[in-house]
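Trainee: So here's data.txt (compact mmCIF, C-alpha atoms).
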```
# COMPACT_ATOMS: atom_id res chain seq x y z
CA MET Q 1 172.64 -5.66 152.11
CA THR Q 2 175.05 -2.78 152.71
CA ALA Q 3 177.86 -4.93 151.40
CA SER Q 4 176.09 -5.75 148.15
CA ILE Q 5 175.23 -2.09 147.50
CA SER Q 6 178.84 -1.11 147.85
CA ALA Q 7 179.94 -3.97 145.61
CA ARG Q 8 177.52 -2.75 143.00
CA GLU Q 9 178.96 0.74 143.30
CA LYS Q 10 182.49 -0.59 143.10
CA ILE Q 11 181.71 -2.42 139.87
CA THR Q 12 179.86 0.55 138.42
CA ASN Q 13 182.73 2.89 139.19
CA GLY Q 14 185.28 0.38 137.92
CA PHE Q 15 183.38 0.09 134.68
CA ILE Q 16 183.13 3.86 134.25
CA THR Q 17 186.90 4.13 134.75
CA VAL Q 18 187.67 1.39 132.24
CA LEU Q 19 185.22 2.61 129.59
CA SER Q 20 186.54 6.16 129.87
CA LYS Q 21 189.86 4.89 128.54
CA ARG Q 22 188.95 2.21 125.99
CA TYR Q 23 186.29 1.27 123.48
CA PHE Q 24 183.58 -1.04 124.70
CA SER Q 25 184.54 -3.97 122.43
CA ASP Q 26 188.12 -3.87 123.72
CA ILE Q 27 187.02 -4.38 127.33
CA LYS Q 28 186.84 -7.81 128.91
CA THR Q 29 184.82 -8.65 132.01
CA VAL Q 30 188.11 -9.55 133.73
CA ASP Q 31 189.34 -5.96 133.23
CA ILE Q 32 186.25 -4.60 134.95
CA ILE Q 33 186.58 -7.06 137.85
CA LYS Q 34 190.23 -6.14 138.27
CA GLU Q 35 189.50 -2.41 138.30
CA SER Q 36 186.57 -2.83 140.73
CA HIS Q 37 188.48 -4.99 143.26
CA VAL Q 38 185.64 -7.48 143.61
CA SER Q 39 185.59 -11.22 143.13
CA HIS Q 40 184.29 -13.02 140.04
CA GLN Q 41 181.43 -14.44 142.10
CA THR Q 42 180.38 -10.99 143.29
CA PHE Q 43 180.40 -9.65 139.73
CA TYR Q 44 178.29 -12.48 138.36
CA ARG Q 45 175.92 -12.34 141.31
CA LEU Q 46 175.07 -8.76 140.39
CA PHE Q 47 175.41 -8.71 136.59
CA THR Q 48 174.97 -11.26 133.80
CA ASP Q 49 177.86 -9.91 131.73
CA LYS Q 50 179.48 -6.68 130.56
CA TYR Q 51 176.54 -5.93 128.29
CA ASN Q 52 174.06 -6.15 131.12
CA LEU Q 53 176.37 -4.00 133.27
CA ALA Q 54 176.83 -1.38 130.55
CA GLU Q 55 173.11 -1.00 129.99
CA THR Q 56 172.46 -0.75 133.73
CA VAL Q 57 175.12 1.93 134.18
CA CYS Q 58 173.83 3.94 131.21
CA LEU Q 59 170.27 3.78 132.42
CA ASP Q 60 171.34 4.78 135.95
CA MET Q 61 173.15 7.80 134.56
CA PHE Q 62 170.18 8.81 132.41
CA ARG Q 63 167.83 8.53 135.38
CA ARG Q 64 169.70 11.29 137.19
CA PHE Q 65 167.62 13.97 135.48
CA GLN Q 66 164.69 12.98 137.69
CA SER Q 67 166.27 14.38 140.83
CA VAL Q 68 166.22 17.80 139.13
CA TYR Q 69 163.10 17.74 136.97
CA GLY Q 70 160.94 15.11 138.62
CA ALA Q 71 158.77 12.44 137.06
CA ASN Q 72 156.83 14.77 134.78
CA ALA Q 73 159.67 16.60 133.05
CA LYS Q 74 159.17 18.50 129.82
CA TRP Q 75 160.71 16.95 126.70
CA LYS Q 76 163.19 19.81 126.43
CA ASP Q 77 164.36 19.56 130.04
CA LEU Q 78 164.72 15.80 129.78
CA THR Q 79 166.64 15.95 126.50
CA LEU Q 80 168.91 18.75 127.68
CA SER Q 81 169.64 16.88 130.93
CA LEU Q 82 170.57 13.76 128.98
CA LEU Q 83 172.91 15.80 126.80
CA ASN Q 84 174.48 17.38 129.88
CA ILE Q 85 174.93 13.98 131.49
CA ILE Q 86 176.66 12.81 128.31
CA LYS Q 87 178.91 15.88 128.24
CA THR Q 88 179.86 15.36 131.89
CA ASN Q 89 180.81 11.74 131.12
CA SER Q 90 182.08 12.53 127.65
CA GLN Q 91 184.85 9.91 127.38
CA PHE Q 92 182.54 7.21 128.67
CA PHE Q 93 179.90 7.97 126.06
CA LYS Q 94 182.44 8.50 123.29
CA HIS Q 95 183.74 4.96 123.81
CA LEU Q 96 180.20 3.63 123.70
CA ALA Q 97 178.89 5.59 120.71
CA TYR Q 98 181.90 4.90 118.49
CA ASP Q 99 181.73 1.18 119.12
CA PRO Q 100 179.25 -1.02 117.19
CA GLU Q 101 178.31 -3.07 120.28
CA GLY Q 102 178.50 -0.01 122.50
CA SER Q 103 176.20 2.07 120.32
CA ASP Q 104 173.61 -0.73 120.44
CA ILE Q 105 173.73 -0.59 124.23
CA PHE Q 106 173.46 3.18 124.23
CA ARG Q 107 170.37 2.98 122.00
CA HIS Q 108 168.78 0.27 124.13
CA ALA Q 109 169.34 2.24 127.32
CA LEU Q 110 167.62 5.28 125.81
CA GLU Q 111 164.76 3.07 124.64
CA ASP Q 112 164.44 1.51 128.08
CA LEU Q 113 164.40 4.95 129.67
CA SER Q 114 161.62 6.05 127.36
CA ARG Q 115 159.57 2.92 128.12
CA GLU Q 116 160.12 3.40 131.82
CA LEU Q 117 159.00 7.02 131.70
CA THR Q 118 156.18 6.97 129.18
CA GLY Q 119 155.25 3.32 128.66
CA SER Q 120 156.40 3.38 125.05
CA ALA Q 121 159.53 4.02 123.03
CA GLY Q 122 160.08 6.51 120.22
CA SER Q 123 160.57 5.33 116.66
CA PRO Q 124 163.78 3.28 116.25
CA PRO Q 125 165.41 5.93 114.02
CA VAL Q 126 165.31 8.45 116.87
CA TYR Q 127 167.94 6.45 118.70
CA TYR Q 128 170.16 6.19 115.62
CA ILE Q 129 169.96 9.96 115.36
CA TRP Q 130 171.13 10.20 118.97
CA VAL Q 131 174.17 8.04 118.20
CA CYS Q 132 174.98 10.19 115.16
CA VAL Q 133 174.73 13.38 117.19
CA ILE Q 134 176.94 12.01 119.98
CA LYS Q 135 179.57 10.91 117.45
CA GLU Q 136 179.53 14.35 115.88
CA TRP Q 137 179.92 15.86 119.32
CA ALA Q 138 182.84 13.56 120.13
CA ASP Q 139 184.47 14.54 116.81
CA ASN Q 140 184.88 18.10 118.04
CA ARG Q 141 185.88 16.88 121.49
CA PHE Q 142 182.59 17.88 123.07
CA ARG Q 143 183.46 21.54 122.56
CA ASP Q 144 179.89 22.46 121.53
CA SER Q 145 177.48 23.22 124.33
CA ALA Q 146 174.64 20.88 125.23
CA ALA Q 147 172.28 23.59 123.98
CA ASP Q 148 173.94 23.57 120.53
CA MET Q 149 173.64 19.81 120.33
CA TYR Q 150 170.05 20.04 121.49
CA LYS Q 151 169.28 22.24 118.48
CA LYS Q 152 171.02 19.81 116.17
CA LEU Q 153 169.19 16.84 117.62
CA CYS Q 154 165.86 18.63 117.17
CA SER Q 155 166.53 19.42 113.53
CA TYR Q 156 167.22 15.75 112.78
CA LEU Q 157 164.19 14.29 114.56
CA PRO Q 158 162.09 12.01 112.34
CA ILE Q 159 159.26 14.16 111.08
CA SER Q 160 156.52 11.75 112.17
CA ASP Q 161 157.74 11.97 115.76
CA VAL Q 162 156.94 15.66 115.80
CA LEU Q 163 154.15 16.23 113.31
CA SER Q 164 150.99 14.26 112.75
CA GLY Q 165 147.81 14.23 110.71
CA ARG Q 166 147.35 16.87 108.07
CA ASP Q 167 150.47 18.86 108.99
CA LEU Q 168 152.63 15.80 108.45
CA GLU Q 169 151.06 14.93 105.09
CA LYS Q 170 151.26 18.50 103.88
CA ALA Q 171 154.96 18.79 104.63
CA LEU Q 172 155.84 15.42 103.13
CA LEU Q 173 153.74 15.65 99.98
CA LYS Q 174 155.55 18.78 98.95
CA TYR Q 175 158.92 17.26 99.78
CA GLU Q 176 158.65 13.94 97.99
CA GLU Q 177 157.73 15.53 94.68
CA LEU Q 178 160.87 17.65 94.57
CA ASP Q 179 163.07 16.57 91.69
CA MET Q 180 166.81 16.50 91.33
CA LYS Q 181 166.87 19.83 89.56
CA TYR Q 182 165.60 21.40 92.78
CA TYR Q 183 168.55 20.02 94.75
CA ILE Q 184 171.05 21.05 92.08
CA ASP Q 185 169.69 24.59 92.10
CA LYS Q 186 169.71 24.61 95.87
CA ALA Q 187 173.36 23.52 95.94
CA ASN Q 188 174.43 26.08 93.33
CA PRO Q 189 172.44 29.22 93.97
CA MET L 1 184.87 -2.90 76.79
CA ARG L 2 182.37 -5.69 76.53
CA SER L 3 184.71 -8.19 78.08
CA GLN L 4 185.39 -5.83 80.97
CA ASN L 5 181.68 -5.63 81.74
CA GLU L 6 181.44 -9.36 81.46
CA MET L 7 184.29 -9.86 83.90
CA ASN L 8 182.71 -7.39 86.35
CA LYS L 9 179.51 -9.34 86.18
CA LYS L 10 181.29 -12.68 86.53
CA ILE L 11 183.06 -11.50 89.70
CA ALA L 12 179.89 -9.96 91.13
CA ASP L 13 177.95 -13.18 90.47
CA ALA L 14 180.66 -15.26 92.14
CA PHE L 15 180.61 -12.94 95.16
CA TYR L 16 176.84 -13.33 95.36
CA THR L 17 177.22 -17.13 95.34
CA VAL L 18 179.86 -16.96 98.09
CA LEU L 19 177.62 -14.77 100.25
CA LYS L 20 174.86 -17.37 100.12
CA THR L 21 176.87 -19.51 102.52
CA THR L 22 179.37 -17.08 104.07
CA SER L 23 179.04 -13.91 106.12
CA PHE L 24 180.49 -10.68 104.76
CA ALA L 25 183.24 -10.65 107.39
CA LYS L 26 184.33 -14.20 106.56
CA ALA L 27 184.09 -13.96 102.76
CA LYS L 28 187.59 -13.90 101.27
CA VAL L 29 188.79 -12.84 97.87
CA THR L 30 190.10 -16.42 97.43
CA ASN L 31 186.53 -17.74 97.77
CA ILE L 32 185.41 -15.34 95.07
CA THR L 33 188.21 -16.16 92.62
CA GLU L 34 187.74 -19.90 93.15
CA THR L 35 184.01 -19.65 92.53
CA ALA L 36 184.51 -17.47 89.46
CA GLY L 37 187.30 -19.70 88.17
CA ILE L 38 189.67 -16.76 87.70
CA SER L 39 193.13 -15.91 88.99
CA HIS L 40 193.96 -13.52 91.83
CA GLN L 41 195.63 -11.17 89.38
CA THR L 42 192.45 -10.92 87.35
CA PHE L 43 190.43 -10.02 90.43
CA TYR L 44 192.86 -7.34 91.50
CA ARG L 45 192.95 -5.86 88.02
CA TYR L 46 189.29 -4.96 88.50
CA PHE L 47 188.89 -4.38 92.23
CA LEU L 48 191.07 -3.35 95.17
CA ASP L 49 189.45 -5.80 97.60
CA LYS L 50 186.04 -7.10 98.67
CA TYR L 51 185.13 -3.68 100.12
CA ASP L 52 185.80 -1.97 96.82
CA LEU L 53 183.86 -4.71 95.01
CA SER L 54 180.89 -4.36 97.38
CA PHE L 55 180.85 -0.59 97.07
CA LYS L 56 180.88 -0.81 93.27
CA ILE L 57 178.11 -3.41 93.17
CA ALA L 58 175.88 -1.44 95.56
CA THR L 59 176.50 1.85 93.76
CA GLU L 60 175.78 0.29 90.37
CA LYS L 61 172.50 -1.14 91.68
CA PHE L 62 171.44 2.24 93.05
CA PHE L 63 172.40 4.11 89.91
CA ILE L 64 169.77 2.22 87.92
CA PHE L 65 167.27 4.94 88.79
CA HIS L 66 169.10 7.21 86.37
CA ASP L 67 168.51 4.78 83.49
CA ILE L 68 164.84 4.75 84.37
CA TYR L 69 164.08 8.34 85.25
CA SER L 70 167.05 10.28 83.85
CA ASP L 71 167.69 13.69 85.44
CA ASN L 72 164.13 14.41 86.43
CA ALA L 73 163.68 11.78 89.10
CA THR L 74 161.86 12.97 92.18
CA TRP L 75 162.97 12.09 95.67
CA LYS L 76 160.18 9.54 95.85
CA GLU L 77 161.30 7.84 92.64
CA ILE L 78 164.94 7.68 93.68
CA VAL L 79 164.11 6.17 97.05
CA THR L 80 161.72 3.66 95.51
CA VAL L 81 164.35 2.53 93.01
CA ILE L 82 166.95 2.14 95.77
CA LEU L 83 164.49 0.09 97.83
CA ASN L 84 163.66 -2.13 94.85
CA SER L 85 167.34 -2.68 94.08
CA VAL L 86 167.87 -3.85 97.64
CA LYS L 87 164.87 -6.17 97.50
CA ASN L 88 165.96 -7.65 94.15
CA TYR L 89 169.47 -8.44 95.34
CA PRO L 90 168.60 -9.85 98.76
CA VAL L 91 171.53 -12.06 99.72
CA PHE L 92 174.11 -9.39 98.96
CA PHE L 93 172.34 -6.62 100.87
CA LYS L 94 171.36 -8.81 103.80
CA ARG L 95 174.98 -9.88 104.28
CA LEU L 96 176.20 -6.31 104.08
CA LEU L 97 173.55 -4.95 106.41
CA GLU L 98 174.15 -7.54 109.12
CA ASP L 99 177.79 -6.44 109.24
CA GLN L 100 179.10 -3.16 110.63
CA GLU L 101 181.64 -2.58 107.84
CA GLY L 102 179.11 -3.80 105.30
CA SER L 103 176.52 -1.29 106.55
CA ASP L 104 179.09 1.48 106.19
CA ILE L 105 179.58 0.47 102.56
CA VAL L 106 175.83 0.64 101.85
CA MET L 107 175.83 4.04 103.54
CA LYS L 108 178.71 5.29 101.37
CA SER L 109 177.00 4.04 98.22
CA ILE L 110 173.82 5.94 99.02
CA ILE L 111 175.83 9.08 99.72
CA ALA L 112 177.78 8.65 96.47
CA VAL L 113 174.63 8.22 94.39
CA THR L 114 172.81 11.21 95.84
CA GLU L 115 175.93 13.34 95.61
CA THR L 116 176.53 12.56 91.95
CA TYR L 117 173.06 13.59 90.95
CA THR L 118 172.36 16.55 93.17
CA GLY L 119 175.77 18.01 93.97
CA THR L 120 174.86 18.03 97.64
CA THR L 121 175.59 15.41 100.23
CA VAL L 122 172.74 14.02 102.25
CA SER L 123 173.40 14.37 105.95
CA PRO L 124 174.86 11.26 107.61
CA HIS L 125 171.88 11.50 109.96
CA SER L 126 169.39 10.90 107.17
CA VAL L 127 171.40 8.05 105.73
CA SER L 128 171.81 6.41 109.13
CA VAL L 129 168.02 6.46 109.45
CA TRP L 130 167.78 4.69 106.08
CA ILE L 131 170.34 2.13 107.17
CA SER L 132 168.42 1.44 110.38
CA ILE L 133 165.28 0.82 108.32
CA PHE L 134 167.16 -1.35 105.81
CA LYS L 135 168.60 -3.40 108.68
CA GLU L 136 165.15 -4.07 110.10
CA TRP L 137 163.95 -4.96 106.65
CA SER L 138 166.79 -7.42 106.05
CA LYS L 139 165.80 -9.29 109.20
CA THR L 140 162.54 -10.33 107.52
CA ASP L 141 164.47 -11.18 104.33
CA PHE L 142 162.94 -8.10 102.71
CA ARG L 143 159.43 -9.51 103.00
CA GLU L 144 157.64 -6.14 103.08
CA SER L 145 157.10 -4.47 99.73
CA ALA L 146 159.27 -1.57 98.59
CA ASP L 147 156.17 0.65 98.84
CA GLU L 148 155.65 -0.21 102.48
CA MET L 149 159.27 0.55 103.22
CA TYR L 150 159.05 3.79 101.31
CA ARG L 151 156.18 4.91 103.51
CA LYS L 152 158.30 4.15 106.55
CA ILE L 153 161.35 6.01 105.30
CA ARG L 154 159.21 8.97 104.39
CA MET L 155 157.74 9.13 107.90
CA TYR L 156 161.20 9.08 109.42
CA THR L 157 162.68 11.83 107.28
CA PRO L 158 164.60 14.23 109.52
CA LEU L 159 162.83 17.55 110.02
CA LYS L 160 165.74 19.44 108.54
CA GLU L 161 165.29 17.77 105.17
CA VAL L 162 161.69 18.85 104.86
CA LEU L 163 161.29 22.11 106.73
CA THR L 164 163.08 25.44 106.95
CA ASP L 165 164.92 26.41 110.14
CA LYS L 166 162.12 28.83 110.94
CA GLU L 167 159.45 26.16 110.58
CA ILE L 168 161.46 23.77 112.75
CA ASP L 169 161.78 26.42 115.44
CA ARG L 170 158.06 27.07 115.39
CA ILE L 171 157.14 23.38 115.60
CA MET L 172 159.75 22.54 118.22
CA THR L 173 158.61 25.37 120.48
CA VAL L 174 155.35 23.48 120.88
CA TYR L 175 156.88 20.03 120.96
CA GLU L 176 159.59 20.65 123.53
CA LYS L 177 157.10 21.82 126.15
CA ARG L 178 155.28 18.51 126.16
CA THR L 179 155.64 16.59 129.37
CA LEU L 180 156.25 12.95 130.06
CA SER L 181 152.61 12.44 130.96
CA TYR L 182 151.63 13.77 127.53
CA PHE L 183 153.77 11.08 125.89
CA ARG L 184 152.38 8.49 128.27
CA GLU L 185 148.81 9.26 127.19
CA LYS L 186 149.77 9.41 123.54
CA GLY L 187 151.39 5.99 123.89
CA GLN L 188 148.25 4.54 125.41
CA ASN L 189 146.16 5.81 122.53
CA GLY L 190 148.46 3.94 120.20
CA ARG L 191 151.08 5.53 118.04
```
Translate the structure of the given file into structure tokens.

Mentor:
Amino acid sequence: MTASISAREKITNGFITVLSKRYFSDIKTVDIIKESHVSHQTFYRLFTDKYNLAETVCLDMFRRFQSVYGANAKWKDLTLSLLNIIKTNSQFFKHLAYDPEGSDIFRHALEDLSRELTGSAGSPPVYYIWVCVIKEWADNRFRDSAADMYKKLCSYLPISDVLSGRDLEKALLKYEELDMKYYIDKANP
Amino acid sequence: MRSQNEMNKKIADAFYTVLKTTSFAKAKVTNITETAGISHQTFYRYFLDKYDLSFKIATEKFFIFHDIYSDNATWKEIVTVILNSVKNYPVFFKRLLEDQEGSDIVMKSIIAVTETYTGTTVSPHSVSVWISIFKEWSKTDFRESADEMYRKIRMYTPLKEVLTDKEIDRIMTVYEKRTLSYFREKGQNGR
């Protein structure tokens, strides 16, 4: 049992090292095995493939917030922790978010986390917004603080995730009747 | 002028035929020229490559709203026209949306159309939400009506597009304090 835990850790660490240098699509399972110093058999005993490994590692990283905020965290604390975890492992997440396959994994891991914590996932667009925000963050080399990115993320949340009932309808009804002249005037005050 | 339009259409039609049996990534200019019965030179006189061709086709489809509504189109009308153009040209859009590069082209076309008519660029965040919805839609071969999809897009509009910074602050102050157990209960009551 002890041996298999350490093999798992070896593979996880090996994967983090490899992904911090290269994009997810450019990584082969052999590269991860080489970096982790484990045998093929050990790798495939613990993980189905690199996709399964990547999602597991992501989810494990995301779960770290619980040791600080517990199982009933507030949305803000949870979201800020996730952003801080991403900033701490910035190269890792950059090489996931900028990769088509990698960004799918990143989105699935967030969805899985949400299901695990609340029993349901947010709307699919939420996770696309996350990918967009992480890419933007990577573009300025993660210079912005997690708090800045938190603000950005909030402002791009799908409206129906935050508002409901009459408030939602009121906001949208006004918005969808705006015509192009409004936008032109707004752009050229 | 007329012959130029005709040639554009001929090439676009040939591309559509090619996409019926070939993925976007695998479709080659040679397949298009063979199907259209034209030379390579002719193709390259009109388009740089298949990416340029795809961008021009998508943009032209989206621009139709201007012929219908002129300069007074509302956001709702523009979105509905874009959704209908996608639904009425299914093979082309499905092939593009199932491909990463193809999705980027659809994204650029939407940005180009909105920019031309409003002078402002939509945020990439909003467009990526649209693309995610389009992708889902393409998986059912665009079975749902454009109206249904419009209702979805509208619900997923980013806060920033609809509300002022002040309003967002006010709403988020309430939202961000909600705990995981709140979301758990909300989930059980059905979203």

Trainee: List every residue of chain Q that has an atom at most 9 Å from any atom of chain L, and for each one report the closest atom pair and its distance in Å to one decimal, counting all atoms listed in the file, with rows sorted by chain and then by increasing residue number, as a Markdown table.

Mentor:
```
| residue | atom | partner | partner_atom | distance |
| --- | --- | --- | --- | --- |
| Q:Ala71 | CA | L:Leu180 | CA | 7.5 |
| Q:Asn72 | CA | L:Leu180 | CA | 5.1 |
| Q:Ala73 | CA | L:Thr179 | CA | 5.5 |
| Q:Lys74 | CA | L:Thr179 | CA | 4.0 |
| Q:Trp75 | CA | L:Glu176 | CA | 5.0 |
| Q:Lys76 | CA | L:Glu176 | CA | 4.7 |
| Q:Asp77 | CA | L:Glu176 | CA | 8.1 |
| Q:Leu78 | CA | L:Leu180 | CA | 8.9 |
| Q:Thr79 | CA | L:Glu176 | CA | 9.0 |
| Q:Pro100 | CA | L:Gln100 | CA | 6.9 |
| Q:Leu117 | CA | L:Leu180 | CA | 6.7 |
| Q:Thr118 | CA | L:Arg184 | CA | 4.2 |
| Q:Gly119 | CA | L:Arg184 | CA | 5.9 |
| Q:Ser120 | CA | L:Gly187 | CA | 5.8 |
| Q:Ala121 | CA | L:Gly187 | CA | 8.4 |
| Q:Ser123 | CA | L:Tyr156 | CA | 8.2 |
| Q:Pro124 | CA | L:Ser132 | CA | 7.7 |
| Q:Pro125 | CA | L:Val129 | CA | 5.3 |
| Q:Val126 | CA | L:Val129 | CA | 8.1 |
| Q:Tyr128 | CA | L:Val129 | CA | 6.5 |
| Q:Ile129 | CA | L:His125 | CA | 5.9 |
| Q:Cys132 | CA | L:His125 | CA | 6.2 |
| Q:Val133 | CA | L:His125 | CA | 8.0 |
| Q:Cys154 | CA | L:Met172 | CA | 7.3 |
| Q:Ser155 | CA | L:Lys160 | CA | 5.1 |
| Q:Tyr156 | CA | L:Pro158 | CA | 4.4 |
| Q:Leu157 | CA | L:Pro158 | CA | 5.1 |
| Q:Pro158 | CA | L:Tyr156 | CA | 4.2 |
| Q:Ile159 | CA | L:Leu159 | CA | 5.0 |
| Q:Ser160 | CA | L:Met155 | CA | 5.2 |
| Q:Asp161 | CA | L:Tyr156 | CA | 7.8 |
| Q:Val162 | CA | L:Tyr175 | CA | 6.8 |
| Q:Leu163 | CA | L:Ile171 | CA | 8.1 |
| Q:Leu168 | CA | L:Met155 | CA | 8.4 |
| Q:Ala171 | CA | L:Val162 | CA | 6.7 |
| Q:Leu172 | CA | L:Val162 | CA | 7.0 |
| Q:Lys174 | CA | L:Val162 | CA | 8.5 |
| Q:Tyr175 | CA | L:Val162 | CA | 6.0 |
| Q:Glu176 | CA | L:Lys76 | CA | 5.1 |
| Q:Glu177 | CA | L:Thr74 | CA | 5.5 |
| Q:Leu178 | CA | L:Thr74 | CA | 5.3 |
| Q:Asp179 | CA | L:Thr74 | CA | 3.8 |
| Q:Met180 | CA | L:Thr118 | CA | 5.8 |
| Q:Lys181 | CA | L:Asn72 | CA | 6.8 |
| Q:Tyr182 | CA | L:Thr118 | CA | 8.3 |
| Q:Tyr183 | CA | L:Thr118 | CA | 5.4 |
| Q:Ile184 | CA | L:Thr118 | CA | 4.8 |
| Q:Asp185 | CA | L:Thr118 | CA | 8.5 |
| Q:Lys186 | CA | L:Thr120 | CA | 8.5 |
| Q:Ala187 | CA | L:Thr120 | CA | 5.9 |
| Q:Asn188 | CA | L:Gly119 | CA | 8.2 |
```

Trainee: Taking all listed atoms of stretch 80-97 of chain Q, build the axis-aligned box, pad each of the six sides by 4 Å, then write its centre and edge lengths in Å to one decimal as JSON.

Mentor:
```
{"center_x": 176.9, "center_y": 11.2, "center_z": 126.3, "size_x": 23.9, "size_y": 23.1, "size_z": 19.2}
```

Trainee: If we count only C-alpha atoms and set the cut-off at 12 Å, which residues sit around Q:Asn84, ignoring sequence neighbours fewer than 2 positions away in its own chain? Please answer as a list in words.

Mentor: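 Using only C-alpha atoms, the neighbours found are Met61, Phe62, Arg64, Phe65, Asp77, Leu78, Thr79, Leu80, Ser81, Leu82, Ile86, Lys87, Thr88, Asn89, Ser90, Phe93, Ile134, Trp137, Phe142, Asp144, Ser145, Ala146, Ala147, Asp148, Met149 and Tyr150 of chain Q.
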
Trainee: What does the structure give for the distance between atom CA of L:Lys87 and atom CA of L:Glu148, in Å to one decimal?

Mentor: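 We find that atom CA of L:Lys87 and atom CA of L:Glu148 lie 12.1 Å from each other.
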
Trainee: Could you tell me how far atom CA of Q:Phe92 sits from atom CA of Q:Thr17, in Å to one decimal place?

Mentor: 8.1 Å

Trainee: One decimal, in Å: what's the spacing between atom CA of Q:Ile32 and atom CA of Q:Phe15?

Mentor: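 Straight-line distance from atom CA of Q:Ile32 to atom CA of Q:Phe15 works out to 5.5 Å.
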
Trainee: Find the residues around L:Asp141 up to 12 Å (all atoms listed in the file counted), leave out those fewer than 5 positions away in its own chain, and share them as a list of chain:residue names.

Mentor: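 Non-adjacent residues within range: L:Val86, L:Lys87, L:Asn88, L:Tyr89, L:Pro90, L:Val91, L:Phe92, L:Phe93, L:Lys94, L:Arg95, L:Leu97, L:Glu98, L:Phe134, L:Lys135, L:Glu136.
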
Trainee: Which residue is closest to L:Thr35? Choose from L:Val81, L:Ile57, L:Val122, L:Ile11 and count only C-alpha atoms.

Mentor: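 With only C-alpha atoms as the atom set, the closest residue is L:Ile11.
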
Trainee: Write out as a list of chain:residue names each polymer residue whose atoms come within 10 Å of Q:Ala54, counting only C-alpha atoms; drop sequence neighbours fewer than 4 positions from it.

Mentor: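 Within the cut-off, the hits are Q:Thr12, Q:Phe15, Q:Ile16, Q:Leu19, Q:Phe24, Q:Phe47, Q:Asp49, Q:Lys50, Q:Cys58, Q:Leu59, Q:Asp60, Q:Leu96, Q:Gly102, Q:Ile105, Q:Phe106, Q:Ala109.
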
Trainee: Compare Q:Ile27, Q:Ile85, Q:Val38, Q:Leu110 by their minimum atom-to-atom distance to Q:Arg8, counting all atoms listed in the file, and give me the closest one.

Mentor: Q:Val38

Trainee: Can you work out which one of Q:Gln66, Q:Gln41, Q:Ser20, Q:Thr29 has the shortest atom-to-atom distance to Q:Leu53, counting only C-alpha atoms?

Mentor: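 Result for the nearest residue to Q:Leu53: Q:Thr29.
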
Trainee: My list of candidates is Q:Ser114, Q:Gln91, Q:Ala138, Q:Gly122. Which is closest to Q:Arg63 when distances are computed with all atoms listed in the file?

Mentor: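 That would be Q:Ser114, the residue with the smallest distance to Q:Arg63.
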
Trainee: Within 8 Å of stretch 23-28 of chain L, counting only C-alpha atoms, which residues qualify if same-chain residues fewer than 2 places away don't, as a PyMOL selection string?

Mentor: chain L and resi 18-19+21+30-32+50+95-96+99+102
